[in-house]
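> Dropping in start.pdb, which is PDB, C-alpha atoms:
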ATOM      1  CA  MET K 136     -12.752  -2.249 -59.529
ATOM      2  CA  PRO K 137     -12.999   0.649 -57.029
ATOM      3  CA  PHE K 138     -12.714   4.176 -58.412
ATOM      4  CA  ALA K 139      -9.447   4.920 -56.600
ATOM      5  CA  ASP K 140      -7.749   1.765 -57.921
ATOM      6  CA  ALA K 141      -8.891   2.461 -61.505
ATOM      7  CA  LEU K 142      -7.655   6.043 -61.354
ATOM      8  CA  ARG K 143      -4.309   5.064 -59.858
ATOM      9  CA  ALA K 144      -3.786   2.423 -62.565
ATOM     10  CA  ALA K 145      -4.750   4.830 -65.355
ATOM     11  CA  VAL K 146      -2.381   7.528 -64.086
ATOM     12  CA  SER K 147       0.447   5.019 -63.850
ATOM     13  CA  ALA K 148      -0.244   3.704 -67.366
ATOM     14  CA  CYS K 149      -0.372   7.115 -69.036
ATOM     15  CA  GLY K 150       2.963   8.224 -67.569
ATOM     16  CA  LEU K 151       1.822  11.759 -66.708
ATOM     17  CA  ALA K 152       2.652  13.375 -63.389
ATOM     18  CA  LEU K 153      -0.285  14.773 -61.417
ATOM     19  CA  ASP K 154       0.845  18.363 -62.010
ATOM     20  CA  ARG K 155       0.722  17.786 -65.793
ATOM     21  CA  ILE K 156      -2.751  16.272 -65.492
ATOM     22  CA  GLN K 157      -3.802  19.283 -63.419
ATOM     23  CA  HIS K 158      -2.414  21.637 -66.098
ATOM     24  CA  ARG K 159      -4.351  19.901 -68.869
ATOM     25  CA  LEU K 160      -7.587  19.953 -66.884
ATOM     26  CA  ARG K 161      -7.137  23.660 -66.254
ATOM     27  CA  GLN K 162      -6.617  24.270 -69.986
ATOM     28  CA  ARG K 163     -10.013  22.669 -70.594
ATOM     29  CA  GLY K 164     -11.715  24.931 -68.086
ATOM     30  CA  THR K 165     -12.272  22.191 -65.469
ATOM     31  CA  PRO K 166      -9.585  22.749 -62.817
ATOM     32  CA  VAL K 167      -8.767  20.120 -60.188
ATOM     33  CA  SER K 168      -5.895  20.609 -57.755
ATOM     34  CA  VAL K 169      -2.989  18.172 -57.421
ATOM     35  CA  ALA K 170      -3.993  17.578 -53.809
ATOM     36  CA  THR K 171      -7.495  16.584 -54.908
ATOM     37  CA  LEU K 172      -6.196  14.219 -57.600
ATOM     38  CA  SER K 173      -3.902  12.603 -55.036
ATOM     39  CA  SER K 174      -6.803  12.238 -52.594
ATOM     40  CA  TRP K 175      -8.914  10.546 -55.284
ATOM     41  CA  GLN K 176      -6.093   8.096 -56.035
ATOM     42  CA  SER K 177      -5.673   7.169 -52.377
ATOM     43  CA  GLY K 178      -9.410   6.692 -51.840
ATOM     44  CA  ARG K 179      -9.616   9.346 -49.111
ATOM     45  CA  THR K 180     -12.155  11.282 -51.174
ATOM     46  CA  ARG K 181     -13.923  10.888 -54.490
ATOM     47  CA  PRO K 182     -15.454  13.294 -57.027
ATOM     48  CA  GLU K 183     -18.756  14.620 -55.699
ATOM     49  CA  ARG K 184     -18.804  18.380 -56.126
ATOM     50  CA  PRO K 185     -20.212  19.869 -59.356
ATOM     51  CA  GLY K 186     -16.806  21.029 -60.609
ATOM     52  CA  SER K 187     -15.227  17.644 -59.912
ATOM     53  CA  LEU K 188     -17.961  15.749 -61.768
ATOM     54  CA  ALA K 189     -17.668  18.137 -64.719
ATOM     55  CA  ALA K 190     -13.932  17.390 -64.870
ATOM     56  CA  LEU K 191     -14.300  13.587 -65.030
ATOM     57  CA  PRO K 192     -14.986  13.253 -68.806
ATOM     58  CA  HIS K 193     -11.919  15.398 -69.487
ATOM     59  CA  LEU K 194      -9.836  13.364 -67.030
ATOM     60  CA  GLU K 195     -10.877  10.148 -68.789
ATOM     61  CA  ASP K 196      -9.856  11.624 -72.151
ATOM     62  CA  ILE K 197      -6.490  12.841 -70.826
ATOM     63  CA  LEU K 198      -5.731   9.423 -69.334
ATOM     64  CA  GLY K 199      -6.768   7.642 -72.531
ATOM     65  CA  ILE K 200      -9.535   5.535 -71.036
ATOM     66  CA  PRO K 201     -13.043   5.004 -72.469
ATOM     67  CA  SER K 202     -15.813   7.447 -71.673
ATOM     68  CA  GLY K 203     -17.422   6.439 -68.380
ATOM     69  CA  GLY K 204     -14.420   4.367 -67.359
ATOM     70  CA  LEU K 205     -14.084   6.393 -64.164
ATOM     71  CA  SER K 206     -17.467   8.036 -63.677
ATOM     72  CA  GLY K 207     -19.187   4.659 -64.030
ATOM     73  CA  LEU K 208     -17.360   3.437 -60.927
ATOM     74  CA  LEU K 209     -18.681   6.137 -58.605
ATOM     75  CA  GLY K 210     -22.135   4.681 -58.022
ATOM     76  CA  LYS K 211     -24.711   6.749 -56.170
ATOM     77  CA  PRO K 212     -23.485   9.985 -54.574
ATOM     78  CA  ARG K 213     -22.994   9.888 -50.832
ATOM     79  CA  PRO K 214     -25.361  12.055 -48.755
ATOM     80  CA  ARG K 215     -24.022  15.484 -47.845
ATOM     81  CA  GLY K 216     -25.512  17.525 -45.004
ATOM     82  CA  ARG K 217     -29.277  17.378 -44.660
ATOM     83  CA  GLY K 218     -30.044  15.611 -47.883
ATOM     84  CA  ARG K 219     -28.193  18.240 -49.860
ATOM     85  CA  ARG K 220     -28.212  17.705 -53.618
ATOM     86  CA  GLU K 221     -25.178  18.877 -55.527
ATOM     87  CA  ALA K 222     -25.915  20.830 -58.714
ATOM     88  CA  ARG K 223     -24.065  20.174 -61.936
ATOM     89  CA  MET K 224     -21.748  23.009 -62.965
ATOM     90  CA  LEU K 225     -20.789  23.594 -66.571
ATOM     91  CA  PRO K 226     -17.215  24.704 -67.341
ATOM     92  CA  ILE K 227     -16.417  28.347 -68.128
ATOM     93  CA  GLY K 228     -17.329  29.081 -71.747
ATOM     94  CA  ALA K 229     -19.925  26.294 -72.009
ATOM     95  CA  LEU K 230     -22.719  26.777 -74.580
ATOM     96  CA  LYS K 231     -20.466  29.199 -76.468
ATOM     97  CA  PRO K 232     -18.502  28.882 -79.745
ATOM     98  CA  HIS K 233     -14.699  28.744 -80.100
ATOM     99  CA  ALA K 234     -14.095  26.181 -77.329
ATOM    100  CA  ASP K 235     -10.437  25.861 -78.360
ATOM    101  CA  ARG K 236      -9.883  29.604 -78.081
ATOM    102  CA  VAL K 237     -11.618  29.694 -74.703
ATOM    103  CA  ALA K 238      -9.228  27.011 -73.430
ATOM    104  CA  ALA K 239      -6.252  29.025 -74.714
ATOM    105  CA  LEU K 240      -7.459  32.167 -72.938
ATOM    106  CA  LEU K 241      -8.156  30.389 -69.658
ATOM    107  CA  SER K 242      -4.777  28.635 -69.657
ATOM    108  CA  GLY K 243      -3.189  31.965 -68.706
ATOM    109  CA  LEU K 244      -5.522  32.545 -65.745
ATOM    110  CA  ASP K 245      -6.050  30.965 -62.332
ATOM    111  CA  VAL K 246      -9.466  29.267 -62.374
ATOM    112  CA  ASP K 247      -8.914  27.092 -59.290
ATOM    113  CA  SER K 248     -11.509  29.049 -57.269
ATOM    114  CA  ASP K 249     -14.293  28.519 -59.814
ATOM    115  CA  PRO K 250     -15.699  25.169 -58.564
ATOM    116  CA  TYR K 251     -15.945  26.495 -55.011
ATOM    117  CA  LEU K 252     -17.904  29.706 -55.660
ATOM    118  CA  ILE K 253     -21.681  29.312 -55.621
ATOM    119  CA  ARG K 254     -23.689  31.989 -57.413
ATOM    120  CA  ILE K 255     -26.489  33.042 -55.046
ATOM    121  CA  SER K 256     -27.743  36.061 -56.981
ATOM    122  CA  GLN K 257     -26.879  37.770 -60.253
ATOM    123  CA  TYR K 258     -28.018  41.114 -61.663
ATOM    124  CA  ASP K 259     -26.989  42.219 -65.164
ATOM    125  CA  ARG K 260     -27.996  45.568 -66.680
ATOM    126  CA  TYR K 261     -27.234  46.283 -70.336
ATOM    127  CA  GLU K 262     -27.580  49.848 -71.638
ATOM    128  CA  TYR K 263     -28.187  50.763 -75.297
ATOM    129  CA  GLY K 264     -27.731  54.170 -76.896
ATOM    130  CA  PRO K 265     -29.677  56.109 -79.546
ATOM    131  CA  GLY K 266     -27.754  54.308 -82.282
ATOM    132  CA  ARG K 267     -29.049  50.911 -81.052
ATOM    133  CA  THR K 268     -25.570  49.909 -79.884
ATOM    134  CA  GLN K 269     -24.578  48.552 -76.491
ATOM    135  CA  LEU K 270     -22.818  51.197 -74.420
ATOM    136  CA  ARG K 271     -22.299  49.504 -71.072
ATOM    137  CA  ALA K 272     -22.955  46.288 -69.184
ATOM    138  CA  TRP K 273     -23.096  46.497 -65.383
ATOM    139  CA  ASN K 274     -22.922  43.336 -63.291
ATOM    140  CA  ARG K 275     -23.531  42.527 -59.629
ATOM    141  CA  GLN K 276     -23.020  39.067 -58.160
ATOM    142  CA  ILE K 277     -23.513  37.625 -54.703
ATOM    143  CA  LEU K 278     -21.140  34.683 -54.334
ATOM    144  CA  ARG K 279     -20.744  32.163 -51.516
ATOM    145  CA  ALA K 280     -17.580  30.190 -50.850
ATOM    146  CA  ASP K 281     -18.124  26.437 -50.677
ATOM    147  CA  ARG K 282     -14.759  25.927 -48.954
ATOM    148  CA  ASN K 283     -11.935  28.021 -47.498
ATOM    149  CA  GLY K 284      -9.685  29.849 -49.922
ATOM    150  CA  PRO K 285     -11.477  31.155 -53.069
ATOM    151  CA  ASP K 286      -9.900  34.517 -53.864
ATOM    152  CA  ARG K 287     -11.004  35.429 -57.386
ATOM    153  CA  TRP K 288     -13.736  35.218 -59.983
ATOM    154  CA  VAL K 289     -12.917  34.626 -63.663
ATOM    155  CA  THR K 290     -15.211  36.352 -66.144
ATOM    156  CA  LEU K 291     -15.437  35.585 -69.856
ATOM    157  CA  PHE K 292     -16.881  38.032 -72.414
ATOM    158  CA  TYR K 293     -17.909  37.418 -76.033
ATOM    159  CA  ALA K 294     -18.586  40.280 -78.459
ATOM    160  CA  ASP K 295     -22.056  40.120 -79.998
ATOM    161  CA  GLU K 296     -20.713  40.631 -83.508
ATOM    162  CA  PRO K 297     -17.269  39.915 -85.046
ATOM    163  CA  GLY K 298     -15.265  43.100 -85.328
ATOM    164  CA  SER K 299     -17.285  44.949 -82.694
ATOM    165  CA  GLY K 300     -14.217  45.111 -80.468
ATOM    166  CA  VAL K 301     -13.383  44.012 -76.940
ATOM    167  CA  PRO K 302     -14.714  46.320 -74.188
ATOM    168  CA  ARG K 303     -12.871  47.803 -71.243
ATOM    169  CA  LEU K 304     -13.437  45.953 -67.980
ATOM    170  CA  ARG K 305     -13.657  47.971 -64.760
ATOM    171  CA  ALA K 306     -13.810  46.545 -61.240
ATOM    172  CA  LEU K 307     -16.266  48.578 -59.157
ATOM    173  CA  ARG K 308     -16.888  46.956 -55.779
ATOM    174  CA  ASN K 309     -15.106  44.384 -53.584
ATOM    175  CA  CYS K 310     -12.769  43.296 -56.376
ATOM    176  CA  ARG K 311      -9.842  44.521 -58.428
ATOM    177  CA  LEU K 312      -8.643  43.626 -61.898
ATOM    178  CA  GLY K 313      -6.056  40.837 -62.105
ATOM    179  CA  ARG K 314      -4.644  39.210 -65.227
ATOM    180  CA  THR K 315      -6.529  39.948 -68.438
ATOM    181  CA  VAL K 316      -6.199  38.175 -71.780
ATOM    182  CA  LYS K 317      -7.887  39.014 -75.089
ATOM    183  CA  ASP K 318      -8.581  37.364 -78.422
ATOM    184  CA  GLU K 319      -9.405  40.322 -80.663
ATOM    185  CA  THR K 320     -10.152  38.116 -83.671
ATOM    186  CA  ALA K 321     -12.856  36.150 -81.845
ATOM    187  CA  GLY K 322     -13.955  39.198 -79.822
ATOM    188  CA  MET K 323     -13.252  37.489 -76.482
ATOM    189  CA  LEU K 324     -11.984  38.774 -73.168
ATOM    190  CA  ALA K 325     -11.148  36.729 -70.073
ATOM    191  CA  ALA K 326     -10.072  38.305 -66.807
ATOM    192  CA  GLU K 327      -9.521  37.636 -63.122
ATOM    193  CA  LEU K 328     -11.456  39.752 -60.640
ATOM    194  CA  LEU K 329      -9.464  39.477 -57.404
ATOM    195  CA  PHE K 330     -11.155  39.680 -54.018
ATOM    196  CA  ASP K 331      -9.687  41.771 -51.200
ATOM    197  CA  ARG K 332      -8.860  38.539 -49.353
ATOM    198  CA  PRO K 333      -9.582  34.800 -49.610
ATOM    199  CA  LEU K 334     -13.084  33.838 -48.494
ATOM    200  CA  HIS K 335     -13.878  31.434 -45.683
ATOM    201  CA  CYS K 336     -16.245  28.520 -46.206
ATOM    202  CA  GLY K 337     -19.831  29.804 -46.109
ATOM    203  CA  GLU K 338     -18.797  33.448 -46.462
ATOM    204  CA  THR K 339     -20.618  35.609 -49.022
ATOM    205  CA  LEU K 340     -19.351  38.456 -51.180
ATOM    206  CA  ILE K 341     -21.116  41.220 -53.131
ATOM    207  CA  MET K 342     -19.077  42.010 -56.243
ATOM    208  CA  GLU K 343     -19.719  44.603 -58.953
ATOM    209  CA  TYR K 344     -17.975  45.308 -62.258
ATOM    210  CA  GLU K 345     -18.786  46.790 -65.657
ATOM    211  CA  LEU K 346     -17.856  46.450 -69.318
ATOM    212  CA  VAL K 347     -17.698  49.621 -71.414
ATOM    213  CA  ASN K 348     -17.630  49.412 -75.211
ATOM    214  CA  LEU K 349     -14.796  51.336 -76.854
ATOM    215  CA  VAL K 350     -15.453  50.640 -80.553
ATOM    216  CA  PRO K 351     -18.565  52.113 -82.242
ATOM    217  CA  GLN K 352     -20.830  49.359 -83.538
ATOM    218  CA  GLN K 353     -23.035  49.271 -86.599
ATOM    219  CA  PRO K 354     -26.744  49.984 -85.988
ATOM    220  CA  ALA K 355     -28.740  46.744 -85.805
ATOM    221  CA  THR K 356     -32.291  45.609 -86.530
ATOM    222  CA  GLN K 357     -32.266  43.047 -83.728
ATOM    223  CA  GLY K 358     -30.310  42.272 -80.599
ATOM    224  CA  SER K 359     -30.041  40.150 -77.475
ATOM    225  CA  CYS K 360     -28.373  40.016 -74.095
ATOM    226  CA  GLY K 361     -28.126  37.454 -71.338
ATOM    227  CA  ARG K 362     -25.895  34.961 -69.649
ATOM    228  CA  THR K 363     -24.992  31.296 -69.542
ATOM    229  CA  LEU K 364     -26.072  30.095 -66.098
ATOM    230  CA  ARG K 365     -23.466  27.371 -65.564
ATOM    231  CA  MET K 366     -25.206  25.919 -62.523
ATOM    232  CA  ILE K 367     -28.573  26.268 -60.809
ATOM    233  CA  THR K 368     -28.833  29.934 -59.877
ATOM    234  CA  ARG K 369     -31.281  30.985 -57.179
ATOM    235  CA  GLU K 370     -31.961  34.416 -58.656
ATOM    236  CA  TYR K 371     -30.898  35.998 -61.934
ATOM    237  CA  LEU K 372     -32.282  39.420 -62.842
ATOM    238  CA  LEU K 373     -31.578  40.686 -66.351
ATOM    239  CA  GLU K 374     -32.393  44.199 -67.542
ATOM    240  CA  ALA K 375     -32.049  45.820 -70.968
ATOM    241  CA  ALA K 376     -32.287  49.622 -70.862
ATOM    242  CA  PHE K 377     -33.001  51.408 -74.162
ATOM    243  CA  HIS K 378     -32.618  55.048 -75.164
ATOM    244  CA  PRO K 379     -36.027  56.739 -75.520
ATOM    245  CA  THR K 380     -35.366  57.460 -79.216
ATOM    246  CA  ALA K 381     -34.487  53.825 -79.982
ATOM    247  CA  LEU K 382     -37.097  51.659 -78.301
ATOM    248  CA  PRO K 383     -37.505  48.133 -79.752
ATOM    249  CA  ALA K 384     -40.795  47.052 -81.302
ATOM    250  CA  LEU K 385     -40.807  43.587 -79.707
ATOM    251  CA  CYS K 386     -39.024  42.028 -76.714
ATOM    252  CA  GLU K 387     -39.100  38.460 -75.455
ATOM    253  CA  GLU K 388     -37.481  36.413 -72.716
ATOM    254  CA  PHE K 389     -35.842  33.109 -73.699
ATOM    255  CA  ASN K 390     -34.559  30.106 -71.776
ATOM    256  CA  GLU K 391     -32.447  27.410 -73.507
ATOM    257  CA  PRO K 392     -31.635  24.476 -71.151
ATOM    258  CA  ALA K 393     -28.128  23.024 -71.408
ATOM    259  CA  ASP K 394     -29.426  19.445 -71.288
ATOM    260  CA  GLY K 395     -31.137  19.777 -74.661
ATOM    261  CA  GLY K 396     -34.612  20.188 -73.209
ATOM    262  CA  PRO K 397     -37.150  22.336 -75.046
ATOM    263  CA  ALA K 398     -36.387  26.038 -75.220
ATOM    264  CA  THR K 399     -39.066  28.428 -73.988
ATOM    265  CA  SER K 400     -39.848  32.069 -74.691
ATOM    266  CA  ARG K 401     -42.453  34.646 -73.766
ATOM    267  CA  ARG K 402     -43.159  38.218 -74.733
ATOM    268  CA  ILE K 403     -42.204  40.956 -72.260
ATOM    269  CA  ARG K 404     -43.094  44.628 -72.276
ATOM    270  CA  LEU K 405     -41.040  47.751 -71.722
ATOM    271  CA  ASP K 406     -41.695  49.723 -68.555
ATOM    272  CA  SER K 407     -42.193  53.499 -68.404
ATOM    273  CA  THR K 408     -38.410  54.096 -68.355
ATOM    274  CA  GLY K 409     -37.759  52.143 -71.562
ATOM    275  CA  CYS K 410     -36.433  49.032 -69.814
ATOM    276  CA  ALA K 411     -37.242  45.359 -70.306
ATOM    277  CA  HIS K 412     -36.434  42.873 -67.574
ATOM    278  CA  ALA K 413     -36.548  39.103 -67.082
ATOM    279  CA  LEU K 414     -36.221  37.160 -63.842
ATOM    280  CA  ALA K 415     -35.010  33.567 -63.545
ATOM    281  CA  LEU K 416     -35.464  31.705 -60.251
ATOM    282  CA  ASN K 417     -33.706  28.402 -59.525
ATOM    283  CA  THR K 418     -32.732  28.143 -63.186
ATOM    284  CA  GLY K 419     -29.793  26.430 -64.889
ATOM    285  CA  PRO K 420     -27.665  25.169 -66.337
ATOM    286  CA  ALA K 421     -29.099  27.135 -69.251
ATOM    287  CA  ARG K 422     -28.724  30.088 -71.556
ATOM    288  CA  PHE K 423     -31.156  32.754 -70.335
ATOM    289  CA  GLY K 424     -31.705  36.154 -71.876
ATOM    290  CA  ILE K 425     -33.752  38.815 -73.636
ATOM    291  CA  ARG K 426     -33.929  39.341 -77.397
ATOM    292  CA  TRP K 427     -35.659  42.064 -79.376
ATOM    293  CA  THR K 428     -36.242  43.605 -82.790
ATOM    294  CA  TRP K 429     -36.346  47.241 -83.908
ATOM    295  CA  ASN K 430     -38.528  48.635 -86.665
ATOM    296  CA  ASP K 431     -36.497  50.103 -89.524
TER     297      ASP K 431
END
Translate this file's structure into structure tokens.

Amino acid sequence: MPFADALRAAVSACGLALDRIQHRLRQRGTPVSVATLSSWQSGRTRPERPGSLAALPHLEDILGIPSGGLSGLLGKPRPRGRGRREARMLPIGALKPHADRVAALLSGLDVDSDPYLIRISQYDRYEYGPGRTQLRAWNRQILRADRNGPDRWVTLFYADEPGSGVPRLRALRNCRLGRTVKDETAGMLAAELLFDRPLHCGETLIMEYELVNLVPQQPATQGSCGRTLRMITREYLLEAAFHPTALPALCEEFNEPADGGPATSRRIRLDSTGCAHALALNTGPARFGIRWTWND
């Protein structure tokens, strides 16, 4: 049976309107517009983009059909451009705990732009004070629109330790703060960073923002920082900057692939300013970061 026919029959059998299906997909962090769902049913288009493929297992579950009942009908992807290969994108909050709480947070935000924003470059700088606690995290991203219309980026923050508090988010460059939701118990913050205007297909944007900790944290003997790279990222630069009176004894870079492949690590050294950095090129989906230990 063709994909479009199977989808149309499943939607009819489940009794849900397309807007309700869209709402449930958005709650799971894999948004698909009503127009796209309608286009899939009619056979005009089919799921091919990373965000669309990531949504298929959730769509199958919502419609009450066996796993692979839709994705197994797609066959080989159709060529796009000059042999372009689409990268798999993980949903927001992937590789993190509290998936149910993440879905609850994201349900109050507009994540429709997420599948159509490609991360070209990412630079994160984490700063640590004399008490070994994180003071500030500064972020710069270069994003490219994969279609007309993306107008926001949704960021999700997890506190390193329970009870360490949710930081203050500040928009710094080419964005402004939209809706923000918090889960103080889980130490999570989700927020919309709104662009000055919707992007055109192929247009790039340099965006900067920061997170400032408001609650003093307990001194630690070890720590880590990093990011879940939800799709293949061309360049990710990560920097951990330490106070000269609280330099760690050992730092290492780590890379944990999302597909279950073997994790890797290597020792890295501090530079003359007390900073450790790690660079990932064409990496993801994966959890990539720096971890360290202090001498007591």
> Can you give me, as number ranges by chain, the residues this file yields under the PyMOL selection byres ((chain K and resi 286-288) around 10)?
K: 245-249, 252, 278, 280, 283-285, 289-290, 310-313, 326-335, 342
> Taking 3 positions as the minimum chain separation for residues in the same chain, which residues sit within 6 Å of Glu374 in chain K when counting all atoms listed in the file? Answer as a list in words.
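Within the cut-off, the hits are Arg260, Ala411 and His412 of chain K.
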> Taking (-23.4, 43.9, -65.9) in the file's own coordinates, collect the residues within 12 Å, counting all atoms listed in the file, and hand them back as a ChimeraX atom specification.
/K:257-262,269-276,290,292,304-307,342-347,360-362,371-376
> Any chance you could resolve the PyMOL selection byres ((chain K and resi 266) around 12) against this file and give the residues as a list of chain:residue names?
K:Glu262, K:Tyr263, K:Gly264, K:Pro265, K:Arg267, K:Thr268, K:Gln269, K:Leu270, K:Pro351, K:Gln352, K:Gln353, K:Pro354, K:Ala355, K:Thr356, K:Phe377, K:His378, K:Pro379, K:Thr380, K:Ala381, K:Leu382, K:Pro383, K:Trp429
> Would you write out, as a list in words, every residue that the PyMOL selection byres ((chain K and resi 279) around 8) captures in this file?
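Going through the file, the PyMOL selection byres ((chain K and resi 279) around 8) ends up selecting Leu252, Ile253, Arg254, Ile255, Ile277, Leu278, Ala280, Asp281, Cys336, Gly337, Glu338, Thr339 and Leu340 of chain K.
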> Identify which of the residues K:Phe138, K:Trp427, K:Trp175, K:Tyr293 lies closest to Cys386 in chain K, counting all atoms listed in the file when measuring atom-to-atom distances.
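The closest residue to Cys386 in chain K is K:Trp427.
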> Please determine, counting all atoms listed in the file, which residue among K:Met366, K:Leu240, K:Ala170, K:Ile156 has the shortest atom-to-atom distance to Lys317 in chain K.
K:Leu240
> Skipping near chain neighbours, those fewer than 6 positions away, what residues fall within 6 Å of Gly322 in chain K using all atoms listed in the file, listed as a CSV table (one decimal) with C-alpha atoms, in the frame of the given file?

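Output file out36.csv is given in full below:
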chain,number,residue,atom,x,y,z
K,293,TYR,CA,-17.9,37.4,-76.0
K,294,ALA,CA,-18.6,40.3,-78.5
K,300,GLY,CA,-14.2,45.1,-80.5
K,301,VAL,CA,-13.4,44.0,-76.9
> If you count all atoms listed in the file, which residues fall within 7 Å of Leu241 in chain K, apart from same-chain ones fewer than 4 positions away, as a PyMOL selection string?
chain K and resi 162+164+237
> So how many Å separate CA of Ala145 in chain K and CA of Arg282 in chain K, to one decimal?
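Between CA of Ala145 in chain K and CA of Arg282 in chain K the gap is 28.5 Å.
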> Tell me which protein, DNA and RNA residues are within 8 Å of Arg426 in chain K, counting all atoms listed in the file, leaving out same-chain ones fewer than 2 positions away, and put them as a list in words.
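Residues near the query, excluding close chain neighbours: Gln357, Gly358, Ser359, Cys360, Cys386, Glu387, Glu388, Phe389, Gly424 and Thr428 of chain K.
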> Just the residues within 8 Å of range 193-203 of chain K, please, counting all atoms listed in the file, with nothing from its chain fewer than 2 positions along; format it as a list in words.
Ala145, Val146, Cys149, Ile156, Arg159, Leu160, Arg163, Thr165, Ala189, Ala190, Leu191, Leu205, Ser206 and Gly207 of chain K
> Keeping only C-alpha atoms, write the selected residues to a file as an mmCIF file, in the frame of the given file.

data_model
loop_
_atom_site.group_PDB
_atom_site.id
_atom_site.type_symbol
_atom_site.label_atom_id
_atom_site.label_comp_id
_atom_site.auth_asym_id
_atom_site.auth_seq_id
_atom_site.Cartn_x
_atom_site.Cartn_y
_atom_site.Cartn_z
ATOM 1 C CA ALA K 145 -4.750 4.830 -65.355
ATOM 2 C CA VAL K 146 -2.381 7.528 -64.086
ATOM 3 C CA CYS K 149 -0.372 7.115 -69.036
ATOM 4 C CA ILE K 156 -2.751 16.272 -65.492
ATOM 5 C CA ARG K 159 -4.351 19.901 -68.869
ATOM 6 C CA LEU K 160 -7.587 19.953 -66.884
ATOM 7 C CA ARG K 163 -10.013 22.669 -70.594
ATOM 8 C CA THR K 165 -12.272 22.191 -65.469
ATOM 9 C CA ALA K 189 -17.668 18.137 -64.719
ATOM 10 C CA ALA K 190 -13.932 17.390 -64.870
ATOM 11 C CA LEU K 191 -14.300 13.587 -65.030
ATOM 12 C CA LEU K 205 -14.084 6.393 -64.164
ATOM 13 C CA SER K 206 -17.467 8.036 -63.677
ATOM 14 C CA GLY K 207 -19.187 4.659 -64.030
#
> For a test of reading the model, state the distance in Å between CA of Phe423 in chain K and CA of Ser407 in chain K, rounded to one decimal.
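Rounded to one decimal, the two atoms are 23.6 Å apart.
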